[in-house]
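Student: As input, take start13.cif (mmCIF, C-alpha atoms):
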```cif
data_target
#
loop_
_atom_site.label_atom_id
_atom_site.label_comp_id
_atom_site.auth_asym_id
_atom_site.auth_seq_id
_atom_site.Cartn_x
_atom_site.Cartn_y
_atom_site.Cartn_z
CA MET A 1 27.19 -14.81 -3.83
CA PHE A 2 24.37 -16.54 -2.00
CA LYS A 3 21.13 -17.19 -3.89
CA LEU A 4 17.69 -16.22 -2.64
CA LYS A 5 15.68 -17.05 -5.74
CA ASP A 6 11.91 -17.27 -5.09
CA LYS A 7 12.32 -16.06 -1.51
CA VAL A 8 10.23 -13.18 -0.21
CA ALA A 9 12.00 -10.72 2.06
CA VAL A 10 10.74 -7.82 4.14
CA VAL A 11 13.08 -5.00 5.11
CA THR A 12 11.96 -2.36 7.59
CA GLY A 13 13.61 1.03 7.58
CA ALA A 14 14.36 0.40 3.93
CA SER A 15 14.18 3.96 2.64
CA GLN A 16 17.79 4.83 3.40
CA GLY A 17 21.15 3.68 4.73
CA ILE A 18 21.69 0.04 5.63
CA GLY A 19 18.06 -0.81 4.91
CA ARG A 20 18.24 0.54 1.39
CA ASP A 21 21.50 -1.27 0.63
CA THR A 22 20.05 -4.44 2.13
CA ALA A 23 16.94 -4.24 -0.05
CA HIS A 24 19.17 -3.92 -3.12
CA ALA A 25 21.40 -6.80 -2.03
CA LEU A 26 18.47 -9.12 -1.32
CA ALA A 27 16.93 -8.29 -4.70
CA GLU A 28 20.25 -8.86 -6.47
CA ALA A 29 20.40 -12.28 -4.78
CA GLY A 30 17.02 -13.08 -6.34
CA ALA A 31 14.55 -12.31 -3.56
CA LYS A 32 11.28 -10.46 -4.01
CA VAL A 33 11.59 -7.59 -1.59
CA ALA A 34 8.90 -5.75 0.35
CA VAL A 35 10.44 -2.48 1.43
CA ALA A 36 8.85 -0.80 4.43
CA ALA A 37 9.43 2.66 5.85
CA ARG A 38 7.67 5.92 6.69
CA ASN A 39 8.87 7.87 3.64
CA GLU A 40 6.75 6.86 0.65
CA GLU A 41 8.70 8.95 -1.86
CA LYS A 42 12.00 7.33 -1.01
CA LEU A 43 10.36 3.91 -1.07
CA ALA A 44 8.94 4.57 -4.53
CA GLU A 45 12.42 5.53 -5.76
CA LEU A 46 13.89 2.39 -4.24
CA VAL A 47 11.27 0.17 -5.84
CA GLN A 48 11.96 1.75 -9.23
CA GLU A 49 15.71 1.22 -8.78
CA ILE A 50 15.22 -2.46 -7.95
CA ILE A 51 12.81 -3.00 -10.83
CA ALA A 52 15.21 -1.21 -13.21
CA LYS A 53 17.85 -3.77 -12.29
CA GLY A 54 15.50 -6.64 -13.04
CA GLY A 55 14.31 -7.29 -9.51
CA GLU A 56 10.87 -7.33 -7.92
CA ALA A 57 9.91 -4.98 -5.11
CA PHE A 58 6.84 -3.75 -3.30
CA ALA A 59 6.61 -0.60 -1.20
CA VAL A 60 4.78 -0.57 2.11
CA LYS A 61 4.36 2.61 4.10
CA MET A 62 4.97 1.56 7.67
CA ASP A 63 5.94 3.23 10.91
CA VAL A 64 7.05 0.36 13.15
CA ALA A 65 6.11 2.44 16.18
CA ASP A 66 2.48 2.00 15.13
CA ILE A 67 1.05 -1.48 15.62
CA ASP A 68 -1.89 -0.84 13.29
CA GLN A 69 0.45 0.11 10.45
CA ILE A 70 2.53 -3.00 11.15
CA LYS A 71 -0.52 -5.28 11.00
CA SER A 72 -1.91 -3.73 7.82
CA GLY A 73 1.54 -3.59 6.23
CA PHE A 74 2.31 -7.27 6.73
CA LYS A 75 -1.20 -8.18 5.64
CA SER A 76 -0.64 -6.36 2.36
CA ILE A 77 2.74 -8.07 1.88
CA LEU A 78 1.18 -11.50 2.39
CA GLU A 79 -1.60 -10.61 -0.04
CA LYS A 80 0.97 -9.47 -2.59
CA PHE A 81 3.50 -12.30 -2.34
CA GLY A 82 1.64 -15.08 -0.49
CA LYS A 83 4.46 -15.76 1.96
CA ILE A 84 7.34 -14.23 3.89
CA ASP A 85 10.63 -16.10 4.06
CA ILE A 86 12.94 -13.41 5.41
CA LEU A 87 12.41 -10.53 7.82
CA VAL A 88 15.10 -7.90 8.32
CA ASN A 89 14.29 -5.72 11.31
CA ASN A 90 16.33 -2.65 10.46
CA ALA A 91 14.11 0.33 11.32
CA ALA A 92 15.72 2.48 13.97
CA ILE A 93 15.82 6.03 15.24
CA THR A 94 18.08 7.99 17.59
CA ARG A 95 17.19 10.59 20.21
CA ASP A 96 20.60 11.15 21.80
CA GLY A 97 21.25 12.81 25.11
CA LEU A 98 22.94 12.20 28.42
CA ALA A 99 21.01 9.65 30.46
CA MET A 100 20.56 11.93 33.46
CA ARG A 101 18.83 14.54 31.31
CA MET A 102 17.04 12.25 28.87
CA LYS A 103 13.37 13.00 28.47
CA PRO A 104 10.97 10.10 28.97
CA ASP A 105 9.51 10.72 25.51
CA ASP A 106 12.97 10.32 23.92
CA TRP A 107 13.56 7.10 25.82
CA ASP A 108 10.14 5.73 24.90
CA ALA A 109 10.32 6.71 21.22
CA VAL A 110 13.64 4.94 20.67
CA LEU A 111 12.64 1.79 22.54
CA ARG A 112 9.27 1.70 20.78
CA THR A 113 10.71 1.92 17.29
CA ASN A 114 13.96 0.01 17.68
CA LEU A 115 12.96 -2.81 20.01
CA THR A 116 9.19 -3.05 20.35
CA GLY A 117 8.77 -2.45 16.62
CA ALA A 118 11.06 -5.39 15.86
CA HIS A 119 9.18 -7.62 18.27
CA LEU A 120 5.84 -6.69 16.73
CA CYS A 121 7.13 -7.35 13.21
CA ILE A 122 8.40 -10.75 14.34
CA GLN A 123 4.94 -11.54 15.71
CA GLN A 124 3.51 -10.85 12.27
CA VAL A 125 5.87 -13.17 10.40
CA LEU A 126 5.93 -16.07 12.84
CA PRO A 127 2.56 -17.61 11.91
CA PRO A 128 3.36 -17.91 8.16
CA MET A 129 6.93 -18.99 8.88
CA MET A 130 5.78 -21.60 11.40
CA LYS A 131 3.35 -22.99 8.86
CA ALA A 132 6.08 -23.11 6.25
CA ARG A 133 8.50 -24.70 8.72
CA ALA A 134 11.11 -22.27 7.44
CA GLY A 135 12.16 -18.70 7.93
CA ARG A 136 14.96 -16.27 8.53
CA ILE A 137 14.72 -13.36 10.95
CA ILE A 138 17.62 -10.93 11.07
CA ASN A 139 17.66 -8.13 13.61
CA ILE A 140 19.98 -5.21 13.04
CA SER A 141 21.67 -4.41 16.33
CA SER A 142 24.82 -2.31 16.73
CA VAL A 143 28.36 -2.44 18.03
CA VAL A 144 27.24 -0.09 20.80
CA ALA A 145 24.98 -2.83 22.13
CA GLU A 146 28.17 -4.62 23.13
CA SER A 147 30.50 -1.70 23.85
CA GLY A 148 28.12 0.95 25.23
CA ASN A 149 28.20 4.57 24.08
CA ALA A 150 27.91 7.76 26.05
CA GLY A 151 24.91 9.89 25.19
CA GLN A 152 22.94 7.01 23.71
CA ALA A 153 21.51 5.15 26.68
CA ASN A 154 18.17 4.72 24.95
CA TYR A 155 19.66 3.61 21.62
CA VAL A 156 22.20 1.30 23.29
CA ALA A 157 19.50 -0.26 25.47
CA SER A 158 17.29 -0.83 22.44
CA LYS A 159 20.10 -2.43 20.44
CA ALA A 160 21.21 -4.60 23.38
CA GLY A 161 17.57 -5.54 23.82
CA LEU A 162 17.49 -6.69 20.22
CA ILE A 163 20.30 -9.13 20.98
CA GLY A 164 18.32 -10.58 23.89
CA LEU A 165 15.21 -10.71 21.73
CA THR A 166 17.18 -12.51 19.03
CA LYS A 167 18.46 -15.18 21.39
CA ALA A 168 15.13 -15.74 23.15
CA ILE A 169 13.13 -16.16 19.96
CA ALA A 170 15.87 -18.22 18.34
CA ILE A 171 15.40 -20.79 21.08
CA GLU A 172 11.61 -20.54 21.08
CA ILE A 173 11.14 -21.31 17.41
CA ALA A 174 14.21 -23.35 16.49
CA SER A 175 12.03 -26.48 16.35
CA ARG A 176 10.17 -24.90 13.40
CA ASN A 177 13.33 -24.49 11.35
CA ILE A 178 13.24 -20.72 11.72
CA THR A 179 16.55 -19.05 12.46
CA VAL A 180 16.89 -15.75 14.28
CA ASN A 181 20.16 -13.87 14.19
CA ALA A 182 21.45 -10.38 14.79
CA VAL A 183 23.92 -8.30 12.84
CA ALA A 184 25.86 -5.74 14.84
CA PRO A 185 27.31 -3.12 12.50
CA GLY A 186 30.08 -0.83 13.64
CA PHE A 187 30.24 2.73 12.40
CA VAL A 188 28.75 2.72 8.93
CA GLU A 189 28.52 5.55 6.41
CA SER A 190 24.83 6.37 6.50
CA PRO A 191 22.47 9.29 7.03
CA MET A 192 22.62 8.45 10.74
CA THR A 193 26.42 8.95 10.89
CA ALA A 194 26.59 11.64 8.20
CA VAL A 195 25.64 14.22 10.80
CA LEU A 196 28.78 13.51 12.85
CA PRO A 197 31.48 16.21 12.63
CA ASP A 198 34.51 15.29 10.48
CA LYS A 199 36.76 15.41 13.52
CA VAL A 200 34.60 12.82 15.27
CA LYS A 201 34.65 10.60 12.16
CA GLU A 202 38.45 10.77 12.04
CA GLU A 203 38.66 9.86 15.72
CA LEU A 204 36.35 6.94 15.09
CA LYS A 205 38.52 5.62 12.26
CA VAL A 206 41.49 5.45 14.64
CA ARG A 207 39.45 3.01 16.75
CA ILE A 208 38.71 0.75 13.76
CA PRO A 209 41.50 -1.77 13.07
CA LEU A 210 40.54 -2.04 9.39
CA GLY A 211 41.02 1.73 9.17
CA ARG A 212 37.74 2.78 7.58
CA MET A 213 34.09 3.18 8.34
CA GLY A 214 31.89 0.40 7.08
CA THR A 215 29.48 0.71 4.20
CA GLY A 216 25.89 -0.32 3.89
CA LYS A 217 27.01 -2.94 1.40
CA ASP A 218 29.35 -4.48 3.98
CA VAL A 219 26.38 -4.96 6.29
CA ALA A 220 24.00 -6.01 3.52
CA ALA A 221 26.36 -8.82 2.47
CA SER A 222 26.25 -10.30 5.97
CA ILE A 223 22.44 -10.11 5.93
CA VAL A 224 22.22 -11.90 2.58
CA PHE A 225 24.44 -14.64 4.01
CA LEU A 226 22.30 -15.08 7.12
CA ALA A 227 19.18 -15.16 4.92
CA SER A 228 20.62 -17.85 2.67
CA ASP A 229 20.28 -21.62 2.79
CA GLU A 230 23.98 -21.78 3.56
CA ALA A 231 23.31 -20.22 6.99
CA ALA A 232 20.73 -22.86 7.93
CA TYR A 233 22.67 -24.04 10.99
CA ILE A 234 23.29 -20.60 12.46
CA THR A 235 20.77 -19.27 14.96
CA GLY A 236 20.88 -17.02 18.00
CA HIS A 237 24.14 -15.56 16.72
CA VAL A 238 25.35 -11.98 16.75
CA LEU A 239 27.44 -11.30 13.67
CA ASP A 240 29.79 -8.34 14.20
CA VAL A 241 30.37 -6.31 11.04
CA ASN A 242 32.57 -3.62 12.47
CA GLY A 243 36.06 -3.71 10.98
CA GLY A 244 37.41 -5.22 14.21
CA MET A 245 36.25 -2.22 16.21
CA TYR A 246 35.01 -4.19 19.15
CA LEU A 247 36.57 -7.58 19.73
CA ALA A 248 34.55 -9.28 22.43
CA MET B 1 9.72 -25.96 26.04
CA ARG B 2 9.97 -29.52 24.79
CA ILE B 3 7.79 -30.95 27.55
CA ILE B 4 5.05 -33.01 25.99
CA ARG B 5 1.75 -32.52 27.75
CA LYS B 6 -1.93 -32.19 27.11
CA LEU B 7 -3.62 -28.99 26.03
CA ARG B 8 -6.06 -29.36 28.93
CA ASP B 9 -3.13 -29.12 31.35
CA THR B 10 -2.19 -25.61 30.19
CA PRO B 11 -3.37 -22.57 32.17
CA GLU B 12 -5.16 -21.29 29.05
CA TRP B 13 -7.27 -24.39 28.48
CA PRO B 14 -10.34 -23.34 30.53
CA GLN B 15 -10.65 -20.17 28.43
CA ILE B 16 -10.19 -22.04 25.18
CA ARG B 17 -12.68 -24.75 26.22
CA ASP B 18 -15.29 -22.23 27.33
CA GLN B 19 -15.00 -20.16 24.15
CA LEU B 20 -15.28 -23.22 21.94
CA ARG B 21 -18.34 -24.41 23.85
CA LYS B 22 -19.90 -20.94 23.57
CA ALA B 23 -19.18 -21.01 19.85
CA GLY B 24 -21.36 -24.12 19.64
CA PHE B 25 -18.79 -26.90 19.40
CA ASP B 26 -19.80 -30.32 20.68
CA PRO B 27 -18.61 -30.55 24.35
CA ASN B 28 -17.32 -34.09 23.78
CA ALA B 29 -15.28 -32.93 20.78
CA VAL B 30 -13.93 -30.05 22.82
CA ALA B 31 -12.97 -32.45 25.61
CA LYS B 32 -11.12 -34.62 23.09
CA LEU B 33 -9.28 -31.57 21.84
CA GLY B 34 -8.05 -31.03 25.38
CA GLU B 35 -6.29 -34.39 25.15
CA ALA B 36 -4.06 -33.10 22.33
CA GLU B 37 -0.43 -33.52 23.30
CA GLY B 38 2.51 -31.35 22.43
CA ASP B 39 4.80 -28.60 23.58
CA SER B 40 3.77 -24.96 23.90
CA LEU B 41 4.42 -24.22 20.24
CA ASP B 42 2.37 -27.23 19.17
CA HIS B 43 -0.53 -25.92 21.19
CA VAL B 44 -0.13 -22.41 19.77
CA GLU B 45 -0.19 -23.90 16.27
CA LEU B 46 -3.26 -25.94 17.13
CA ILE B 47 -5.07 -22.80 18.28
CA MET B 48 -3.95 -20.93 15.16
CA ALA B 49 -5.30 -23.76 13.01
CA LEU B 50 -8.62 -23.74 14.86
CA GLU B 51 -8.94 -19.99 14.43
CA GLU B 52 -8.21 -20.24 10.74
CA ALA B 53 -10.35 -23.28 10.05
CA PHE B 54 -13.44 -22.00 11.83
CA ASN B 55 -12.85 -18.29 11.32
CA ILE B 56 -12.96 -17.60 15.04
CA GLU B 57 -10.67 -15.68 17.35
CA LEU B 58 -9.77 -17.32 20.63
CA LYS B 59 -8.90 -14.59 23.08
CA ILE B 60 -6.52 -15.95 25.65
CA ASP B 61 -5.15 -14.06 28.63
CA SER B 62 -1.53 -14.85 29.31
CA ARG B 63 -1.35 -15.70 32.98
CA LYS B 64 2.45 -15.52 33.19
CA LYS B 65 2.51 -18.96 34.69
CA GLU B 66 5.22 -21.44 33.95
CA GLY B 67 3.99 -23.73 31.24
CA SER B 68 1.73 -21.14 29.69
CA LEU B 69 1.19 -21.27 25.94
CA LYS B 70 2.96 -17.96 25.45
#
```
Just give me the structure as C-alpha cells.
Tutor:
Amino acid sequence: MFKLKDKVAVVTGASQGIGRDTAHALAEAGAKVAVAARNEEKLAELVQEIIAKGGEAFAVKMDVADIDQIKSGFKSILEKFGKIDILVNNAAITRDGLAMRMKPDDWDAVLRTNLTGAHLCIQQVLPPMMKARAGRIINISSVVAESGNAGQANYVASKAGLIGLTKAIAIEIASRNITVNAVAPGFVESPMTAVLPDKVKEELKVRIPLGRMGTGKDVAASIVFLASDEAAYITGHVLDVNGGMYLA
Amino acid sequence: MRIIRKLRDTPEWPQIRDQLRKAGFDPNAVAKLGEAEGDSLDHVELIMALEEAFNIELKIDSRKKEGSLK
C-alpha cells in the first residue's frame, strides 16, 4: 500500500461513510489525520479508533456550510500539526426532490455544503500548500455528476460542479506542485444509501458490471493513492470508482 | 496564467500601493515593489508574504478583469 508517513491530512465529512473509511485508510498509511464534521460524538469515537490502532488523529467540529467554522477549524488544525499536506473534500448532504418542485432552500443548502464548502476549504489550505510547494487536494464527486440522476438536480449539480472546480484549480496551482483530483464513487454502501429500499438496491446492482455496490474502503483506497507520492504526476483527473457502472 | 508582468500592471496595484503608503511604507520602496515581476500566483504569494511579514491585511477588490490577481 502507499505510504503517507509524516503527512498531515484533513478529511471533511469524516464522521461516517466514505469519510470515516478514508480517515482510517489515511491513518493506516501513516498520515496524521484531522477529522472534521458536525457530529462531535462520532468524531470522538473515530479519533479513539484511529489512536487504538496506533495512528494519530485530531477532531475538529466543522460545518462546511459555515465559513467561520471552516476558518477556525483549519486554524486549529494548523496550530495542532503545523502543516496540511492533504485535503479530502468529502462533506456532502442530499435534499432530494424533483427539480420542478425543488425548494430554493434545498437547492441552496446542497450547493453550499457540497460545492461552496469544498471551495472554501481549498482556500484555507492553499496558502500553506503554496508555501510548501506541495499538496494534494482530493474532491469527492459522484458517478451521478457524469450520468445525471432524476430527483437529485441539486446534488448532481453540486457534484458536477466539484469536477469543474477540480479542473480549474488543478490548472491554477499546478506550478506550485499541488495536485487537485476528484474521485467519483458509484453506489457505495453508506448511511446515504442505506435508506434506499432493498428493491432499489437490487435494481442498482443490475446496473453495476462488477455486480455489487462499492464499499467505503474501495473509495478510500483510491484516495490514499491520489494522496501518495506515487500519484505526483496526476492532476485534474476524475477517478471513477464505480464497478464499471458508468463507462464514459 | 504564465504571463510574466509587473505587479504595478495588475488592476489591483493601485489599491495595494495606496494601502502600503497609508501604512507608512516609504513611497520609493513601494514603487520598487510595483516593479516585481511574475505571474498572478507569484503576485498573490508576494502579497501573502507582505501580509505575514508586516502583520497587515491588504484588502483587494477583485475587479473581474482579465489579468487580475485572482
Student: So how many Å separate CA of Val33 (chain A) and CA of Ile70 (chain A), to one decimal?
Tutor: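 Rounded to one decimal, the two atoms are 16.3 Å apart.
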Student: List the neighbours of Glu40 (chain A) out to 9 Å using all atoms listed in the file; skip same-chain residues closer than 6 positions along the sequence, and give me the result as a count of residues only.
Tutor: 5
Student: Compile the contact shell of region 216-230 of chain A as number ranges by chain: residues with an atom at most 8 Å away, counting all atoms listed in the file, same-chain residues fewer than 2 positions apart removed.
Tutor: A: 2-4, 17-19, 21-22, 25-26, 29, 86, 136-138, 181, 183, 185, 188-190, 214, 232-234, 239, 241
Student: Once the PyMOL selection byres ((chain A) within 9 of (chain B)) has been applied to the shown file, what residues remain in the selection, as a PyMOL selection string?
Tutor: chain A and resi 127+130-131+172-173+175-176
Student: Name the residues in contact with region 95-102 of chain A at a cut-off of 12 Å, using only C-alpha atoms, excluding same-chain residues fewer than 3 positions from it; report them as a ChimeraX atom specification.
Tutor: /A:92,105-114,149-158,192
Student: Write to file, as a PDB file, in the coordinates of the input, the residues of the selection just made, with C-alpha atoms.
Tutor:
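The result, stored in part.pdb:
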```
ATOM      1  CA  ALA A  92      15.720   2.480  13.970  1.00  0.00           C
ATOM      2  CA  ASP A 105       9.510  10.720  25.510  1.00  0.00           C
ATOM      3  CA  ASP A 106      12.970  10.320  23.920  1.00  0.00           C
ATOM      4  CA  TRP A 107      13.560   7.100  25.820  1.00  0.00           C
ATOM      5  CA  ASP A 108      10.140   5.730  24.900  1.00  0.00           C
ATOM      6  CA  ALA A 109      10.320   6.710  21.220  1.00  0.00           C
ATOM      7  CA  VAL A 110      13.640   4.940  20.670  1.00  0.00           C
ATOM      8  CA  LEU A 111      12.640   1.790  22.540  1.00  0.00           C
ATOM      9  CA  ARG A 112       9.270   1.700  20.780  1.00  0.00           C
ATOM     10  CA  THR A 113      10.710   1.920  17.290  1.00  0.00           C
ATOM     11  CA  ASN A 114      13.960   0.010  17.680  1.00  0.00           C
ATOM     12  CA  ASN A 149      28.200   4.570  24.080  1.00  0.00           C
ATOM     13  CA  ALA A 150      27.910   7.760  26.050  1.00  0.00           C
ATOM     14  CA  GLY A 151      24.910   9.890  25.190  1.00  0.00           C
ATOM     15  CA  GLN A 152      22.940   7.010  23.710  1.00  0.00           C
ATOM     16  CA  ALA A 153      21.510   5.150  26.680  1.00  0.00           C
ATOM     17  CA  ASN A 154      18.170   4.720  24.950  1.00  0.00           C
ATOM     18  CA  TYR A 155      19.660   3.610  21.620  1.00  0.00           C
ATOM     19  CA  VAL A 156      22.200   1.300  23.290  1.00  0.00           C
ATOM     20  CA  ALA A 157      19.500  -0.260  25.470  1.00  0.00           C
ATOM     21  CA  SER A 158      17.290  -0.830  22.440  1.00  0.00           C
ATOM     22  CA  MET A 192      22.620   8.450  10.740  1.00  0.00           C
TER      23      MET A 192
END
```
Student: Using the chain letters and residue numbers of this document, give as a list in words the residues selected by the PyMOL selection byres ((chain B and resi 36) around 9).
Tutor: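 Expected selection for the PyMOL selection byres ((chain B and resi 36) around 9) here is Arg5, Lys6, Leu7, Arg8, Lys32, Leu33, Gly34, Glu35, Glu37, Gly38, His43 and Leu46 of chain B.
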Student: My list of candidates is B:Ile3, B:Ile60, B:Asp9, B:Arg17. Which is closest to Ala29 (chain B) when distances are computed with all atoms listed in the file?
Tutor: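 Using all atoms listed in the file, Ala29 (chain B) sits closest to B:Arg17.
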Student: Between A:Leu120, A:Ile93, A:Ala231, A:Ala160, which has the minimum distance to Pro191 (chain A) (counting all atoms listed in the file)?
Tutor: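 Selected residue with least distance to Pro191 (chain A): A:Ile93.
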Student: Expressed in Å to a single decimal, how great is the separation between CA of Lys199 (chain A) and CA of Lys159 (chain A)?
Tutor: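 These two atoms are separated by 25.4 Å.
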